[in-house]
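File shown here: input_9.cif, holding mmCIF, C-alpha atoms.
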```
data_target
#
loop_
_atom_site.label_atom_id
_atom_site.label_comp_id
_atom_site.auth_asym_id
_atom_site.auth_seq_id
_atom_site.Cartn_x
_atom_site.Cartn_y
_atom_site.Cartn_z
CA MET A 30 -46.19 -12.06 2.55
CA PRO A 31 -46.91 -12.54 6.28
CA ALA A 32 -46.50 -15.88 8.02
CA ASP A 33 -49.24 -18.36 7.17
CA PRO A 34 -50.38 -21.42 9.17
CA PHE A 35 -49.74 -23.72 6.20
CA ALA A 36 -46.24 -22.34 5.66
CA GLU A 37 -45.59 -22.81 9.38
CA LEU A 38 -46.85 -26.38 9.12
CA LEU A 39 -44.43 -27.18 6.29
CA ARG A 40 -41.59 -25.68 8.31
CA ARG A 41 -42.56 -27.71 11.39
CA LEU A 42 -42.80 -30.98 9.44
CA ARG A 43 -39.32 -30.40 8.03
CA LYS A 44 -37.84 -29.66 11.45
CA GLU A 45 -39.54 -32.67 13.00
CA ALA A 46 -37.82 -34.78 10.34
CA GLY A 47 -34.49 -33.26 11.44
CA ARG A 48 -33.69 -31.65 8.09
CA ASN A 49 -32.51 -28.29 6.86
CA GLN A 50 -34.08 -26.88 3.71
CA GLU A 51 -31.51 -28.42 1.38
CA GLN A 52 -31.98 -31.84 2.99
CA GLN A 53 -35.75 -31.43 2.68
CA ALA A 54 -35.34 -30.78 -1.04
CA ASP A 55 -33.20 -33.92 -1.32
CA ALA A 56 -35.83 -35.97 0.55
CA ILE A 57 -38.60 -34.76 -1.78
CA ASN A 58 -36.44 -35.53 -4.82
CA ALA A 59 -35.73 -39.00 -3.42
CA VAL A 60 -39.47 -39.70 -3.32
CA SER A 61 -40.22 -38.21 -6.74
CA GLY A 62 -37.23 -39.82 -8.45
CA ARG A 63 -36.40 -36.46 -10.03
CA GLU A 64 -33.95 -33.65 -9.18
CA THR A 65 -36.41 -30.78 -9.58
CA MET A 66 -36.87 -29.58 -6.00
CA THR A 67 -34.38 -27.00 -4.71
CA ARG A 68 -33.60 -25.41 -1.36
CA ARG A 69 -34.90 -22.12 -2.75
CA GLU A 70 -38.28 -23.65 -3.60
CA VAL A 71 -38.60 -25.17 -0.12
CA SER A 72 -37.86 -21.71 1.29
CA ARG A 73 -40.56 -20.17 -0.93
CA TYR A 74 -43.12 -22.65 0.41
CA GLU A 75 -42.14 -21.97 4.03
CA ASN A 76 -42.31 -18.19 3.52
CA PHE A 77 -45.72 -18.48 1.82
CA GLU A 78 -44.36 -17.06 -1.41
CA ASN A 79 -45.80 -20.10 -3.14
CA VAL A 80 -48.08 -23.07 -2.37
CA PRO A 81 -47.04 -26.52 -3.67
CA THR A 82 -49.12 -28.18 -6.38
CA ASN A 83 -50.99 -31.35 -5.42
CA HIS A 84 -48.36 -33.36 -7.32
CA THR A 85 -45.57 -31.87 -5.19
CA LEU A 86 -47.70 -32.15 -2.05
CA ALA A 87 -47.92 -35.91 -2.57
CA HIS A 88 -44.13 -36.11 -2.55
CA ILE A 89 -43.85 -33.85 0.51
CA ALA A 90 -46.42 -36.01 2.34
CA VAL A 91 -44.41 -39.17 1.69
CA ALA A 92 -41.09 -37.49 2.52
CA CYS A 93 -42.50 -36.33 5.88
CA GLY A 94 -44.61 -39.41 6.61
CA VAL A 95 -47.98 -37.62 6.81
CA PRO A 96 -51.36 -38.30 5.16
CA PHE A 97 -51.63 -36.70 1.72
CA GLU A 98 -55.36 -35.97 1.92
CA GLU A 99 -55.04 -33.77 5.00
CA LEU A 100 -51.99 -31.99 3.64
CA GLN A 101 -53.97 -31.41 0.45
CA GLN A 102 -56.85 -29.89 2.42
CA ALA A 103 -54.46 -27.63 4.31
CA ALA A 104 -52.94 -26.44 1.03
CA LYS A 105 -56.40 -25.77 -0.43
CA ALA A 106 -57.23 -23.51 2.51
CA ALA A 107 -53.85 -21.78 2.11
CA ARG A 108 -54.57 -21.06 -1.54
CA ALA A 109 -57.92 -19.56 -0.56
CA ARG A 110 -56.16 -17.31 1.94
CA ARG A 111 -53.71 -16.22 -0.74
CA ARG A 112 -56.56 -15.32 -3.07
CA LYS A 113 -58.16 -13.22 -0.34
CA VAL A 114 -54.86 -11.43 0.21
CA ASP A 115 -54.57 -10.74 -3.51
CA ILE A 116 -58.08 -9.28 -3.51
CA ARG A 117 -57.33 -7.15 -0.48
CA GLU A 118 -54.24 -5.70 -2.08
CA GLY A 119 -56.46 -4.35 -4.88
CA GLU A 120 -58.85 -2.60 -2.53
CA ASP A 121 -58.54 0.91 -1.10
CA LEU A 122 -56.68 1.48 2.16
CA ASP A 123 -59.78 2.17 4.27
CA ASP A 124 -61.33 -1.14 3.23
CA VAL A 125 -58.12 -2.96 4.06
CA LYS A 126 -58.05 -1.39 7.50
CA ARG A 127 -61.69 -2.38 8.07
CA ARG A 128 -61.03 -6.03 7.08
CA THR A 129 -57.92 -6.11 9.27
CA LEU A 130 -59.95 -5.16 12.30
CA LEU A 131 -62.63 -7.73 11.54
CA GLY A 132 -59.99 -10.36 10.80
CA GLY A 133 -58.90 -10.35 14.43
CA THR A 134 -61.90 -12.47 15.30
CA ILE A 135 -60.65 -15.34 13.08
CA ILE A 136 -57.62 -16.09 15.25
CA GLY A 137 -59.58 -18.09 17.78
CA ILE A 138 -61.04 -20.59 15.26
CA THR A 139 -57.87 -21.69 13.46
CA ALA A 140 -58.18 -25.21 14.92
CA ALA A 141 -61.20 -25.70 12.67
CA GLU A 142 -59.08 -24.98 9.56
CA PRO A 143 -57.67 -27.94 7.60
CA TRP A 144 -54.12 -27.09 8.69
CA GLY A 145 -55.29 -27.05 12.29
CA ARG A 146 -56.94 -30.46 11.93
CA LEU A 147 -53.77 -31.84 10.38
CA ALA A 148 -51.64 -30.53 13.24
CA HIS A 149 -54.05 -32.18 15.68
CA ALA A 150 -54.01 -35.44 13.68
CA LEU A 151 -50.24 -35.49 13.66
CA SER A 152 -50.08 -35.04 17.42
CA LYS A 153 -52.39 -38.05 17.71
CA GLY A 154 -50.34 -40.21 15.37
CA SER A 155 -52.52 -40.16 12.25
CA LYS A 156 -52.00 -43.19 10.01
CA ILE A 157 -50.21 -43.01 6.68
CA ASP A 158 -52.46 -43.77 3.71
CA THR A 159 -52.05 -46.73 1.35
CA PRO A 160 -50.88 -44.74 -1.73
CA SER A 161 -48.14 -43.08 0.29
CA ALA A 162 -47.02 -46.41 1.74
CA VAL A 163 -46.92 -47.94 -1.74
CA VAL A 164 -44.79 -45.06 -3.03
CA LEU A 165 -42.29 -45.55 -0.21
CA ILE A 166 -42.08 -49.31 -0.74
CA ASP A 167 -41.78 -49.06 -4.52
CA ARG A 168 -39.13 -46.37 -4.24
CA ALA A 169 -37.03 -48.62 -1.98
CA ALA A 170 -37.10 -51.32 -4.66
CA GLU A 171 -36.33 -48.81 -7.40
CA LEU A 172 -33.18 -47.66 -5.61
CA HIS A 173 -31.79 -51.21 -5.65
CA VAL A 174 -32.29 -51.22 -9.41
CA LYS A 175 -30.62 -47.81 -9.76
CA GLU A 176 -27.59 -49.21 -7.93
CA LEU A 177 -26.79 -51.17 -11.07
CA ASP A 178 -26.04 -48.01 -13.03
CA LEU A 179 -25.19 -45.25 -10.54
CA SER A 180 -21.95 -44.80 -8.65
CA ALA A 181 -22.00 -45.06 -4.87
CA ARG A 182 -21.16 -41.36 -4.56
CA ARG A 183 -24.16 -40.35 -6.70
CA LEU A 184 -26.49 -42.79 -4.97
CA GLN A 185 -25.64 -42.15 -1.33
CA SER A 186 -27.64 -38.98 -0.61
CA THR A 187 -30.69 -40.31 -2.47
CA VAL A 188 -30.71 -43.58 -0.52
CA GLU A 189 -30.21 -41.87 2.83
CA SER A 190 -32.94 -39.31 2.08
CA HIS A 191 -35.37 -42.11 1.25
CA LEU A 192 -34.47 -43.90 4.45
CA ASP A 193 -35.32 -40.67 6.30
CA ALA A 194 -38.69 -40.58 4.56
CA ILE A 195 -39.55 -44.14 5.59
CA THR A 196 -38.32 -43.49 9.12
CA ALA A 197 -40.63 -40.47 9.36
CA ALA A 198 -43.56 -42.58 8.15
CA LEU A 199 -43.04 -45.63 10.36
CA PRO A 200 -44.58 -44.22 13.59
CA ARG A 201 -47.82 -43.66 11.63
CA SER A 202 -47.65 -46.74 9.40
CA GLY A 203 -50.61 -48.62 10.89
CA GLU A 204 -51.53 -51.64 8.76
CA HIS A 205 -48.50 -50.96 6.55
CA GLU A 206 -46.01 -51.29 9.39
CA ARG A 207 -44.53 -54.65 8.37
CA ALA A 208 -44.18 -53.76 4.70
CA LEU A 209 -42.63 -50.39 5.51
CA THR A 210 -40.28 -51.99 8.04
CA ILE A 211 -39.05 -54.39 5.36
CA ALA A 212 -38.66 -51.51 2.90
CA ALA A 213 -36.74 -49.58 5.54
CA GLY A 214 -34.44 -52.55 6.07
CA GLU A 215 -33.86 -52.95 2.33
CA THR A 216 -33.02 -49.26 2.05
CA ALA A 217 -30.72 -49.39 5.08
CA ALA A 218 -28.90 -52.40 3.62
CA LEU A 219 -28.33 -50.52 0.37
CA ALA A 220 -27.15 -47.49 2.32
CA GLY A 221 -24.68 -49.79 4.09
CA TRP A 222 -23.42 -51.24 0.82
CA VAL A 223 -22.98 -47.76 -0.63
CA ALA A 224 -21.11 -46.64 2.49
CA TRP A 225 -18.83 -49.68 2.29
CA ASP A 226 -18.18 -48.95 -1.38
CA LEU A 227 -17.06 -45.47 -0.32
CA GLY A 228 -14.75 -46.81 2.40
CA GLU A 229 -17.04 -45.79 5.30
CA HIS A 230 -16.87 -49.16 6.99
CA ASP A 231 -18.14 -48.22 10.46
CA LYS A 232 -21.13 -46.52 8.90
CA ALA A 233 -21.79 -49.59 6.76
CA ASP A 234 -21.70 -51.85 9.81
CA ALA A 235 -24.24 -49.65 11.59
CA TYR A 236 -26.60 -49.84 8.61
CA TYR A 237 -26.29 -53.63 8.42
CA LYS A 238 -27.12 -53.94 12.11
CA VAL A 239 -30.24 -51.83 11.77
CA THR A 240 -31.23 -53.90 8.71
CA SER A 241 -31.04 -57.04 10.83
CA LYS A 242 -33.15 -55.28 13.46
CA CYS A 243 -35.77 -54.52 10.80
CA ALA A 244 -35.71 -58.18 9.75
CA GLU A 245 -36.30 -59.26 13.34
CA THR A 246 -39.09 -56.73 13.87
CA ALA A 247 -40.86 -57.70 10.64
CA GLY A 248 -40.24 -61.44 11.02
CA HIS A 249 -38.61 -61.53 7.58
CA PRO A 250 -35.43 -63.71 7.51
CA PRO A 251 -34.44 -62.96 3.87
CA LEU A 252 -33.86 -59.36 4.90
CA ARG A 253 -31.29 -60.51 7.46
CA ALA A 254 -29.69 -62.62 4.73
CA LEU A 255 -29.28 -59.45 2.67
CA ALA A 256 -27.53 -57.69 5.56
CA LEU A 257 -25.29 -60.66 6.37
CA THR A 258 -24.24 -61.27 2.77
CA TYR A 259 -23.40 -57.61 2.25
CA ALA A 260 -21.55 -57.60 5.58
CA SER A 261 -19.56 -60.70 4.58
CA TYR A 262 -17.58 -58.64 2.06
CA GLY A 263 -16.15 -56.49 4.83
CA SER A 264 -15.89 -58.97 7.71
CA PRO A 265 -12.38 -59.04 9.19
CA THR A 266 -11.82 -62.82 9.29
CA PRO A 267 -12.61 -65.74 6.94
CA GLN A 268 -14.32 -67.59 9.79
CA GLU A 269 -16.69 -64.69 10.46
CA ARG A 270 -17.46 -64.34 6.76
CA LEU A 271 -18.33 -68.04 6.48
CA GLU A 272 -20.48 -67.86 9.62
CA PHE A 273 -22.41 -64.90 8.21
CA LEU A 274 -22.97 -66.72 4.94
CA SER A 275 -24.05 -69.96 6.64
CA GLN A 276 -26.72 -68.06 8.56
CA ALA A 277 -27.75 -66.20 5.40
CA ALA A 278 -28.19 -69.53 3.60
CA ARG A 279 -30.60 -70.65 6.31
CA ASP A 280 -32.48 -67.34 6.07
CA VAL A 281 -33.22 -67.65 2.35
CA ARG A 282 -34.68 -71.13 2.41
CA GLY A 283 -38.16 -71.31 0.98
CA HIS A 284 -40.22 -70.27 -2.01
CA GLY A 285 -39.41 -67.03 -3.82
CA ASN A 286 -35.77 -66.80 -2.77
CA ALA A 287 -34.02 -68.75 -5.54
CA THR A 288 -31.87 -65.85 -6.73
CA ALA A 289 -30.95 -64.85 -3.20
CA THR A 290 -30.03 -68.47 -2.49
CA ALA A 291 -27.79 -68.56 -5.56
CA TRP A 292 -26.03 -65.36 -4.48
CA VAL A 293 -25.51 -66.50 -0.88
CA HIS A 294 -24.13 -69.92 -1.88
CA GLY A 295 -21.95 -68.32 -4.56
CA ARG A 296 -20.47 -66.01 -1.94
CA HIS A 297 -19.95 -68.98 0.37
CA ALA A 298 -18.09 -70.74 -2.45
CA GLU A 299 -15.82 -67.71 -2.91
CA GLU A 300 -14.93 -67.54 0.76
CA ALA A 301 -14.41 -71.32 1.07
CA ALA A 302 -12.04 -71.18 -1.92
CA GLN A 303 -10.20 -68.30 -0.27
CA VAL A 304 -9.32 -70.52 2.72
CA GLY A 305 -8.45 -73.51 0.52
CA ASP A 306 -11.55 -75.58 1.24
CA ASP A 307 -11.85 -77.13 -2.24
CA THR A 308 -14.68 -79.50 -1.37
CA GLY A 309 -16.73 -76.88 0.46
CA ALA A 310 -16.21 -74.33 -2.30
CA LEU A 311 -17.21 -76.66 -5.12
CA ARG A 312 -20.22 -77.96 -3.21
CA ALA A 313 -21.43 -74.42 -2.50
CA LEU A 314 -20.91 -73.42 -6.13
CA ASP A 315 -22.98 -76.38 -7.29
CA ARG A 316 -25.77 -75.34 -4.92
CA ALA A 317 -25.60 -71.80 -6.24
CA ARG A 318 -25.90 -72.93 -9.84
CA PHE A 319 -28.71 -75.35 -9.04
CA ALA A 320 -30.68 -72.60 -7.27
CA TYR A 321 -30.10 -70.21 -10.15
CA ASP A 322 -31.67 -72.70 -12.57
CA PHE A 323 -34.97 -72.01 -10.77
CA ALA A 324 -34.41 -68.27 -10.36
CA ASP A 325 -35.75 -65.22 -12.10
CA HIS A 326 -33.68 -62.32 -10.86
CA THR A 327 -36.00 -59.81 -12.58
CA SER A 328 -39.16 -60.83 -10.71
CA GLU A 329 -37.91 -61.74 -7.22
CA GLN A 330 -36.71 -59.23 -4.62
CA ALA A 331 -35.37 -56.02 -6.14
CA TRP A 332 -32.17 -56.37 -4.14
CA VAL A 333 -31.11 -59.46 -6.12
CA ARG A 334 -31.51 -57.72 -9.48
CA PHE A 335 -27.72 -57.56 -9.82
CA VAL A 336 -27.40 -61.37 -9.69
CA THR A 337 -27.42 -61.73 -13.47
CA PRO A 338 -25.92 -64.59 -15.49
CA TYR A 339 -22.85 -62.33 -15.76
CA ARG A 340 -22.56 -62.22 -11.98
CA MET A 341 -22.93 -65.99 -11.73
CA ASP A 342 -20.09 -66.33 -14.25
CA SER A 343 -18.06 -63.99 -12.07
CA LEU A 344 -18.61 -66.08 -8.95
CA ALA A 345 -17.60 -69.27 -10.77
CA LEU A 346 -14.51 -67.60 -12.23
CA SER A 347 -13.50 -66.37 -8.80
CA VAL A 348 -13.84 -69.84 -7.29
CA TYR A 349 -12.12 -71.74 -10.12
CA GLY A 350 -9.36 -69.16 -10.30
CA GLN A 351 -8.56 -69.40 -6.61
CA LEU A 352 -8.62 -73.20 -6.70
CA ARG A 353 -6.75 -73.33 -10.06
CA ARG A 354 -9.36 -75.70 -11.44
CA GLN A 355 -9.39 -76.80 -15.07
CA GLU A 356 -13.00 -75.61 -15.35
CA LEU A 357 -11.62 -72.08 -15.36
CA THR A 358 -10.97 -72.10 -19.11
CA THR A 359 -14.40 -73.30 -20.19
CA THR A 360 -16.12 -70.95 -17.74
CA ALA A 361 -14.08 -68.05 -19.09
CA ASP A 362 -15.08 -69.00 -22.64
CA THR A 363 -18.74 -68.97 -21.64
CA ALA A 364 -18.31 -65.61 -19.93
CA VAL A 365 -16.61 -64.13 -23.00
CA ARG A 366 -19.48 -65.25 -25.24
CA ARG A 367 -21.99 -63.78 -22.85
CA LEU A 368 -19.97 -60.61 -22.62
CA GLY A 369 -20.36 -60.19 -26.35
CA THR A 370 -24.07 -59.49 -25.89
CA GLY A 371 -23.25 -56.34 -23.96
CA LEU A 372 -22.56 -55.88 -20.27
CA ALA A 373 -24.26 -53.21 -18.20
CA ASP A 374 -22.24 -50.51 -16.48
CA SER A 375 -22.69 -52.42 -13.24
CA GLY A 376 -20.43 -55.23 -14.47
CA VAL A 377 -17.16 -53.92 -13.02
CA VAL A 378 -16.65 -56.96 -10.80
CA VAL A 379 -17.60 -59.34 -13.62
CA LEU A 380 -15.02 -57.80 -15.93
CA GLY A 381 -12.35 -57.94 -13.24
CA ASP A 382 -12.95 -61.60 -12.49
CA LEU A 383 -13.09 -62.43 -16.18
CA ALA A 384 -9.85 -60.58 -16.93
CA SER A 385 -7.92 -62.30 -14.16
CA ALA A 386 -9.38 -65.69 -15.12
CA LEU A 387 -8.29 -65.30 -18.75
CA LEU A 388 -4.80 -64.21 -17.71
CA ARG A 389 -4.48 -67.09 -15.25
CA GLY A 390 -5.73 -69.55 -17.84
CA GLY A 391 -3.10 -68.46 -20.37
CA ASP A 392 -5.34 -66.57 -22.83
CA VAL A 393 -3.18 -63.47 -22.52
CA ASP A 394 -4.40 -61.51 -25.55
CA GLN A 395 -8.04 -61.88 -24.58
CA GLY A 396 -7.13 -61.21 -20.95
CA ILE A 397 -5.44 -57.92 -21.86
CA TYR A 398 -8.44 -56.91 -23.98
CA VAL A 399 -10.87 -57.54 -21.12
CA SER A 400 -8.47 -55.89 -18.64
CA ARG A 401 -8.69 -52.70 -20.67
CA GLN A 402 -12.49 -52.91 -20.63
CA PHE A 403 -12.30 -53.42 -16.89
CA ALA A 404 -10.01 -50.41 -16.43
CA ALA A 405 -12.46 -48.20 -18.33
CA ALA A 406 -15.42 -49.51 -16.33
CA THR A 407 -13.70 -48.80 -13.02
CA GLN A 408 -13.44 -45.14 -13.99
CA GLU A 409 -17.15 -44.99 -14.80
CA LYS A 410 -18.24 -46.68 -11.59
CA PRO A 411 -15.47 -46.81 -8.97
CA ASN A 412 -16.16 -49.03 -5.97
CA THR A 413 -14.37 -51.08 -3.34
CA MET A 414 -14.89 -54.42 -5.08
CA GLY A 415 -13.54 -52.97 -8.30
CA LYS A 416 -10.42 -51.81 -6.47
CA GLU A 417 -9.87 -55.28 -5.05
CA ARG A 418 -10.18 -56.81 -8.53
CA ALA A 419 -7.83 -54.17 -9.96
CA LEU A 420 -4.99 -55.41 -7.75
CA THR A 421 -5.57 -59.00 -8.83
CA VAL A 422 -5.66 -58.12 -12.53
CA ALA A 423 -2.53 -55.99 -12.21
CA THR A 424 -0.69 -58.91 -10.63
CA TRP A 425 -1.47 -61.23 -13.56
CA LEU A 426 -0.78 -58.81 -16.42
CA PRO A 427 2.41 -59.55 -18.42
CA ASP A 428 5.42 -57.23 -18.09
CA SER A 429 4.68 -55.74 -21.51
CA GLU A 430 1.49 -54.21 -20.02
CA TRP A 431 3.29 -52.42 -17.18
CA GLU A 432 1.50 -49.15 -17.95
CA LEU A 433 -1.94 -50.74 -17.61
CA ALA A 434 -0.83 -52.58 -14.46
CA TYR A 435 0.47 -49.31 -12.99
CA HIS A 436 -2.83 -47.59 -13.76
CA LEU A 437 -4.81 -50.35 -12.03
CA ARG A 438 -2.56 -50.28 -8.96
CA GLN A 439 -2.96 -46.51 -8.74
CA PHE A 440 -6.73 -46.91 -8.96
CA ALA A 441 -6.71 -49.55 -6.22
CA SER A 442 -4.70 -47.32 -3.90
#
```
This entry written out as structure tokens:
Amino acid sequence: MPADPFAELLRRLRKEAGRNQEQQADAINAVSGRETMTRREVSRYENFENVPTNHTLAHIAVACGVPFEELQQAAKAARARRRKVDIREGEDLDDVKRRTLLGGTIIGITAAEPWGRLAHALSKGSKIDTPSAVVLIDRAAELHVKELDLSARRLQSTVESHLDAITAALPRSGEHERALTIAAGETAALAGWVAWDLGEHDKADAYYKVTSKCAETAGHPPLRALALTYASYGSPTPQERLEFLSQAARDVRGHGNATATAWVHGRHAEEAAQVGDDTGALRALDRARFAYDFADHTSEQAWVRFVTPYRMDSLALSVYGQLRRQELTTTADTAVRRLGTGLADSGVVVLGDLASALLRGGDVDQGIYVSRQFAAATQEKPNTMGKERALTVATWLPDSEWELAYHLRQFAS
């Protein structure tokens, strides 16, 4: 099949996005939420061996940041050309030669074709349509929810491909610019967290910085709070961590941020306990719990979906354990009861904090039981925070559990 203007257009859009064919397939899959697109299928489109369906075209449009309607029109014209070719192939050779000669006159009017109009619109910065913008924004939120159940390794390429898709759309975002900028920042923050989980700390730092830039551009302080709170886990000094969290606490003031407020203050309590500031830690933990009383982590920002009652238990256990407070035992009891209702795969950190709290509090049998649950969970979803908890749990396990302690130390290393 000879080169076709529509096939050339698809190839140009991919190259303008800075992707090879495999990366283009990943970007389309990131938009669709499915793993059905392959490098081979992208190649078939670009060689005019096939024309995408309208369903696939919608995903390609979002992945490349172009208007769906015009891409749809270009594809419709391409299908018509394919039908003409199919008809020609059934005709006798003389008729084909005659049509080939006449066809030479069409070359000069290609700008009037839908693909030509789309190319012109793109060069002028055509605006992205509302449905495409909504898909990009909703997908950014969905990825934060997927983080609860997918490992960082499995999530990384999907998150980065979606960030590419939003980046491609932003220059043409028009009235959707602020919303897409916020979605881009949320996606970048998640990409940073995933990178940090995988030990790519410089990469994580770069993502957090661009998230803060998105927050500044969009005038949306809670987005900066997300970046700062994520960054606090990897900051090199306690002072810097506390400074990040103090700024984050200021950024989440106001209506609709109760869960984010609870998370930020809970993190502040953890870090204050780490430096031995009993008063500051307990005060911050009280603020976190008070905020959480007014929170609904399932209806606020998608990026606080992980701040479940389990996670709040984990924060309290971490604080009370570090401060050796008597509240540790009752908090652990509450966490154990809650654990009985079933913990999601994302609860690695919760299990680690609970296991160490039980062991510290003297409930050795229950502590060993939860430690084994924790060890299994770390294999299902390995991450940096889980490795940190593994060292703590291993330290508190009794000598009789040397094999489990050895396993956890090996995992942490």
**Asked** Could you write out as a ChimeraX atom specification the residues that the PyMOL selection byres ((chain A and resi 97) around 8) matches in the shown file?
**Response** /A:86-87,90-91,95-96,98-101,158,161
**Request:** Given the file shown, enumerate the residues that the PyMOL selection byres ((chain A and resi 198) around 12) captures and present them as a PyMOL selection string.
**Result:** chain A and resi 42+45-46+89-97+151+154-159+161-166+191-197+199-203+205-206+208-210+212-213
**Asked** For this file, the PyMOL selection byres ((chain A and resi 276-289) around 9) selects which residues, as a PyMOL selection string?
**Response** chain A and resi 249-258+271-275+290-294+297+317+320-326+329-330+332-334+336
**Complete:** Closest of A:Leu314, A:Ala331, A:Ala218, A:Leu368 to Val348 (chain A), counting all atoms listed in the file, is A:Leu314
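Proximity to His436 (chain A) at 10 Å, evaluated using all atoms listed in the file and with sequence-adjacent residues fewer than 6 positions away removed, yields Ala404, Ala419 and Ala423 of chain A.
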**Asked** Mind pulling up the distance from CA of Val223 (chain A) to CA of Ala181 (chain A)?
**Response**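 Between CA of Ala181 (chain A) and CA of Val223 (chain A) the gap works out to 5.1 Å.
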**Asked** Do you know which residues lie at most 9 Å from (-23.8, -42.7, 0.0), with coordinates as in the file and only C-alpha atoms counted, and could you write them as a list in words?
**Response** Ala181, Arg182, Arg183, Leu184, Gln185, Ser186, Thr187, Val188, Glu189, Ala220, Gly221, Trp222, Val223, Ala224, Trp225, Asp226 and Leu227 of chain A
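Taking CA of Ala169 (chain A) and CA of Asp382 (chain A) as endpoints, the distance between them is 29.3 Å.
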**Asked** Near Arg108 (chain A), counting only C-alpha atoms, which residues have an atom at most 12 Å away, once you skip same-chain residues fewer than 3 positions from it, shown as a list in words?
**Response**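 The neighbour list is Asp33, Pro34, Phe35, Ala36, Tyr74, Phe77, Glu78, Asn79, Val80, Pro81, Thr82, Asn83, Gln101, Gln102, Ala103, Ala104, Lys105, Arg111, Arg112, Lys113, Val114, Asp115, Pro143 and Trp144 of chain A.
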Listed atoms of region 92-99 of chain A, axis-aligned box, 3 Å per side: centre and edge lengths to one decimal in Å, as lines of an AutoDock Vina configuration file?
```
center_x = -48.2
center_y = -36.6
center_z = 4.3
size_x = 20.3
size_y = 11.6
size_z = 11.1
```
**Fill in**
Computed gap from CA of Glu229 (chain A) to CA of Ala434 (chain A) is 26.4 Å
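In this comparison, which uses all atoms listed in the file, the residue of A:Glu409, A:Val377, A:Glu300, A:Pro427 approaching Phe335 (chain A) most closely is A:Val377.
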Kindly assemble as CSV a list of the region 313-418 of chain A residues that lie within 12 Å of region 263-270 of chain A, each paired with its nearest atom pair and their distance in Å to one decimal, using only C-alpha atoms, sorted first by chain and then by ascending residue number.
```
residue,atom,partner,partner_atom,distance
A:Thr413,CA,A:Gly263,CA,10.0
A:Met414,CA,A:Gly263,CA,10.2
A:Glu417,CA,A:Gly263,CA,11.8
```
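The list of residues with at least one atom within 9 Å of Gln303 (chain A), based on only C-alpha atoms and without residues fewer than 4 positions apart in the same chain, reads Pro267, Ala298, Glu299, Ala310, Val348, Gln351 and Leu352 of chain A.
With all atoms listed in the file as the atoms that count, the residue of A:Glu245, A:Asp234, A:Glu215, A:Glu70 with the shortest distance to Ala170 (chain A) is A:Glu215.
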Quick one: residues within 12 Å of Val365 (chain A), only C-alpha atoms, excluding same-chain residues fewer than 5 positions away - as a compact mmCIF listing (two decimals) with C-alpha atoms, keeping the file's coordinate frame?
```txt
# COMPACT_ATOMS: atom_id res chain seq x y z
CA PRO A 338 -25.92 -64.59 -15.49
CA TYR A 339 -22.85 -62.33 -15.76
CA ASP A 342 -20.09 -66.33 -14.25
CA SER A 343 -18.06 -63.99 -12.07
CA LEU A 346 -14.51 -67.60 -12.23
CA THR A 358 -10.97 -72.10 -19.11
CA THR A 359 -14.40 -73.30 -20.19
CA THR A 360 -16.12 -70.95 -17.74
CA THR A 370 -24.07 -59.49 -25.89
CA GLY A 371 -23.25 -56.34 -23.96
CA LEU A 372 -22.56 -55.88 -20.27
CA VAL A 379 -17.60 -59.34 -13.62
CA LEU A 380 -15.02 -57.80 -15.93
CA ASP A 382 -12.95 -61.60 -12.49
CA LEU A 383 -13.09 -62.43 -16.18
CA ALA A 384 -9.85 -60.58 -16.93
CA ALA A 386 -9.38 -65.69 -15.12
CA LEU A 387 -8.29 -65.30 -18.75
CA ASP A 392 -5.34 -66.57 -22.83
CA GLN A 395 -8.04 -61.88 -24.58
CA GLY A 396 -7.13 -61.21 -20.95
CA TYR A 398 -8.44 -56.91 -23.98
CA VAL A 399 -10.87 -57.54 -21.12
```
